[in-house]
Amino acid sequence: MSKKVLVIDDSPFVCKAVTKALQGTDYEVVGNALNGQLGVDKYIETRADVITLDVTMPVMDGLETAKKLFEINPNAKIIMLSAMGDETLLNQAKEIGVRYFLTKPFQPASLQAKLAEVFQ
């Protein structure tokens, strides 16, 4: 049975890259959201097994989105995708409870390895 992945990122390119990277794997992208608010709604709808989450987005940023996702499900599995090497943001994400991080741009193998780590 495949694991459900929700992609929350304001870049359609990243949404496509994640979907493409997971083709032919045990992971299925069950939804995309272009901002954090839509992402929270989509998570409630799909109950995805794992979420890839951008840091910088309109309407609701990744940190606020992560907080809301953890309110809904304290055990939510979130991989924070960041193009910036901003240690402050990453430390704030860790304080919220995000344990997995991946730098954009990423190779498909890196994303697949990170997902394997999440489900170990």
# chains A, B, ... in the order shown; residues from 1 in each chain; ligands from 1
>>> residues_around(residues="Phe119 of chain A", least_positions_apart="2", cutoff="10 Å", atoms="only C-alpha atoms", output="MDAnalysis selection string")
chainID A and resid 3 49:50 77 114:117
>>> write_last_selection(atoms="N, CA, C and O atoms", output="PDB file, in the first residue's frame")
ATOM      1  N   LYS A   3       2.165   5.116   0.435  1.00  0.00           N
ATOM      2  CA  LYS A   3       2.044   6.189   1.422  1.00  0.00           C
ATOM      3  C   LYS A   3       1.568   7.448   0.704  1.00  0.00           C
ATOM      4  O   LYS A   3       2.003   7.752  -0.402  1.00  0.00           O
ATOM      5  N   ASP A  49       0.011  10.789   4.731  1.00  0.00           N
ATOM      6  CA  ASP A  49       0.960  10.164   5.661  1.00  0.00           C
ATOM      7  C   ASP A  49       2.173  11.055   5.915  1.00  0.00           C
ATOM      8  O   ASP A  49       2.808  10.965   6.962  1.00  0.00           O
ATOM      9  N   VAL A  50       2.503  11.893   4.937  1.00  0.00           N
ATOM     10  CA  VAL A  50       3.660  12.785   5.061  1.00  0.00           C
ATOM     11  C   VAL A  50       3.382  14.053   4.252  1.00  0.00           C
ATOM     12  O   VAL A  50       2.665  14.016   3.255  1.00  0.00           O
ATOM     13  N   LYS A  77       3.917  13.935  10.019  1.00  0.00           N
ATOM     14  CA  LYS A  77       5.272  13.799   9.490  1.00  0.00           C
ATOM     15  C   LYS A  77       5.466  14.888   8.432  1.00  0.00           C
ATOM     16  O   LYS A  77       4.808  14.879   7.402  1.00  0.00           O
ATOM     17  N   LYS A 114      14.944  10.746   2.041  1.00  0.00           N
ATOM     18  CA  LYS A 114      14.366  11.460   3.184  1.00  0.00           C
ATOM     19  C   LYS A 114      13.048  10.827   3.596  1.00  0.00           C
ATOM     20  O   LYS A 114      12.767  10.640   4.779  1.00  0.00           O
ATOM     21  N   LEU A 115      12.234  10.440   2.602  1.00  0.00           N
ATOM     22  CA  LEU A 115      10.957   9.773   2.913  1.00  0.00           C
ATOM     23  C   LEU A 115      11.209   8.432   3.605  1.00  0.00           C
ATOM     24  O   LEU A 115      10.517   8.092   4.565  1.00  0.00           O
ATOM     25  N   ALA A 116      12.188   7.697   3.142  1.00  0.00           N
ATOM     26  CA  ALA A 116      12.533   6.408   3.796  1.00  0.00           C
ATOM     27  C   ALA A 116      12.932   6.647   5.241  1.00  0.00           C
ATOM     28  O   ALA A 116      12.524   5.901   6.135  1.00  0.00           O
ATOM     29  N   GLU A 117      13.701   7.721   5.488  1.00  0.00           N
ATOM     30  CA  GLU A 117      14.122   8.069   6.844  1.00  0.00           C
ATOM     31  C   GLU A 117      12.910   8.384   7.727  1.00  0.00           C
ATOM     32  O   GLU A 117      12.837   7.952   8.887  1.00  0.00           O
TER      33      GLU A 117
END
>>> select_by_dssp(residues="chain A", states="helix (DSSP H, G or I)", output="PyMOL selection string")
chain A and resi 12-21+36-46+62-72+87-96+108-118
>>> select_by_dssp(residues="chain A", states="strand (DSSP E)", output="list in words")
Lys3, Lys4, Val5, Leu6, Val7, Ile8, Tyr27, Glu28, Val29, Val30, Gly31, Asn32, Ala33, Val50, Ile51, Thr52, Leu53, Asp54, Ile78, Ile79, Met80, Leu81, Ser82, Tyr100, Phe101, Leu102 and Thr103 of chain A
>>> residues_around(residues="Asn32 of chain A", least_positions_apart="5", cutoff="7 Å", atoms="only C-alpha atoms", output="list in words")
Leu6, Val7, Ile8 and Cys15 of chain A
>>> write_last_selection(atoms="C-alpha atoms", output="mmCIF file, in the first residue's frame")
data_model
loop_
_atom_site.group_PDB
_atom_site.id
_atom_site.type_symbol
_atom_site.label_atom_id
_atom_site.label_comp_id
_atom_site.auth_asym_id
_atom_site.auth_seq_id
_atom_site.Cartn_x
_atom_site.Cartn_y
_atom_site.Cartn_z
ATOM 1 C CA LEU A 6 0.762 16.129 0.408
ATOM 2 C CA VAL A 7 2.844 18.878 -1.237
ATOM 3 C CA ILE A 8 2.423 22.394 0.206
ATOM 4 C CA CYS A 15 4.894 20.521 -6.821
#
>>> closest_residue(among="A:Val59, A:Ala48, A:Val40, A:Arg99", to="Ile72 of chain A", atoms="only C-alpha atoms")
A:Val40
>>> residues_around(residues="Glu71 of chain A", least_positions_apart="3", cutoff="12 Å", atoms="only C-alpha atoms", output="JSON, numbers by chain")
{"A": [40, 43, 44, 64, 65, 66, 67, 68, 74, 75, 76, 96, 97]}
>>> write_last_selection(atoms="N, CA, C and O atoms", output="compact mmCIF listing (two decimals), in the first residue's frame")
# COMPACT_ATOMS: atom_id res chain seq x y z
N VAL A 40 -3.40 23.28 4.89
CA VAL A 40 -4.07 22.75 6.09
C VAL A 40 -5.42 22.14 5.71
O VAL A 40 -5.76 21.04 6.14
N TYR A 43 -4.85 18.90 3.98
CA TYR A 43 -4.43 17.85 4.91
C TYR A 43 -5.64 17.25 5.63
O TYR A 43 -5.75 16.04 5.78
N ILE A 44 -6.55 18.12 6.05
CA ILE A 44 -7.77 17.64 6.72
C ILE A 44 -8.55 16.72 5.78
O ILE A 44 -9.06 15.68 6.20
N GLU A 64 4.02 28.72 10.39
CA GLU A 64 2.63 28.80 10.87
C GLU A 64 1.84 27.57 10.43
O GLU A 64 1.05 27.01 11.19
N THR A 65 2.08 27.14 9.20
CA THR A 65 1.40 25.95 8.67
C THR A 65 1.77 24.72 9.50
O THR A 65 0.90 23.93 9.87
N ALA A 66 3.06 24.57 9.80
CA ALA A 66 3.51 23.42 10.60
C ALA A 66 2.82 23.42 11.97
O ALA A 66 2.37 22.37 12.44
N LYS A 67 2.73 24.59 12.61
CA LYS A 67 2.05 24.68 13.90
C LYS A 67 0.61 24.17 13.79
O LYS A 67 0.15 23.39 14.63
N LYS A 68 -0.10 24.63 12.75
CA LYS A 68 -1.50 24.23 12.58
C LYS A 68 -1.61 22.72 12.29
O LYS A 68 -2.50 22.05 12.81
N PRO A 74 -0.63 15.80 16.24
CA PRO A 74 0.68 15.98 16.88
C PRO A 74 1.77 15.07 16.31
O PRO A 74 2.95 15.34 16.46
N ASN A 75 1.38 13.98 15.64
CA ASN A 75 2.35 13.04 15.06
C ASN A 75 2.53 13.23 13.56
O ASN A 75 3.08 12.35 12.89
N ALA A 76 2.08 14.37 13.03
CA ALA A 76 2.22 14.62 11.59
C ALA A 76 3.69 14.51 11.19
O ALA A 76 4.58 14.91 11.94
N ILE A 96 9.23 24.01 16.74
CA ILE A 96 7.81 23.67 16.54
C ILE A 96 7.62 22.15 16.55
O ILE A 96 6.58 21.65 16.94
N GLY A 97 8.65 21.41 16.12
CA GLY A 97 8.55 19.95 16.10
C GLY A 97 8.88 19.32 14.75
O GLY A 97 8.79 18.11 14.60
>>> closest_residue(among="A:Val55, A:Tyr27, A:Ala93, A:Phe106", to="Phe70 of chain A", atoms="only C-alpha atoms")
A:Ala93
>>> atom_distance(atom1="atom CA of Thr19 of chain A", atom2="atom CA of Gly31 of chain A")
9.7 Å
>>> residues_around(residues="Tyr100 of chain A", least_positions_apart="5", cutoff="7 Å", atoms="only C-alpha atoms", output="list in words")
Ile78, Ile79 and Met80 of chain A
>>> closest_residue(among="A:Asp9, A:Gln92, A:Val14, A:Lys42", to="Gln107 of chain A", atoms="only C-alpha atoms")
A:Val14
>>> residues_around(residues="Met57 of chain A", least_positions_apart="5", cutoff="9 Å", atoms="only C-alpha atoms", output="ChimeraX atom specification")
/A:9-11,34-36,62
>>> write_last_selection(atoms="C-alpha atoms", output="PDB file, in the first residue's frame")
ATOM      1  CA  ASP A   9       4.507  24.826  -1.856  1.00  0.00           C
ATOM      2  CA  ASP A  10       3.733  28.064  -3.682  1.00  0.00           C
ATOM      3  CA  SER A  11       5.902  26.948  -6.619  1.00  0.00           C
ATOM      4  CA  LEU A  34      -0.063  26.677  -3.177  1.00  0.00           C
ATOM      5  CA  ASN A  35      -0.198  28.238   0.302  1.00  0.00           C
ATOM      6  CA  GLY A  36      -0.308  27.155   3.930  1.00  0.00           C
ATOM      7  CA  GLY A  62       5.660  27.173   6.520  1.00  0.00           C
TER       8      GLY A  62
END
>>> atom_distance(atom1="atom CA of Gln120 of chain A", atom2="atom CA of Asp41 of chain A")
27.2 Å
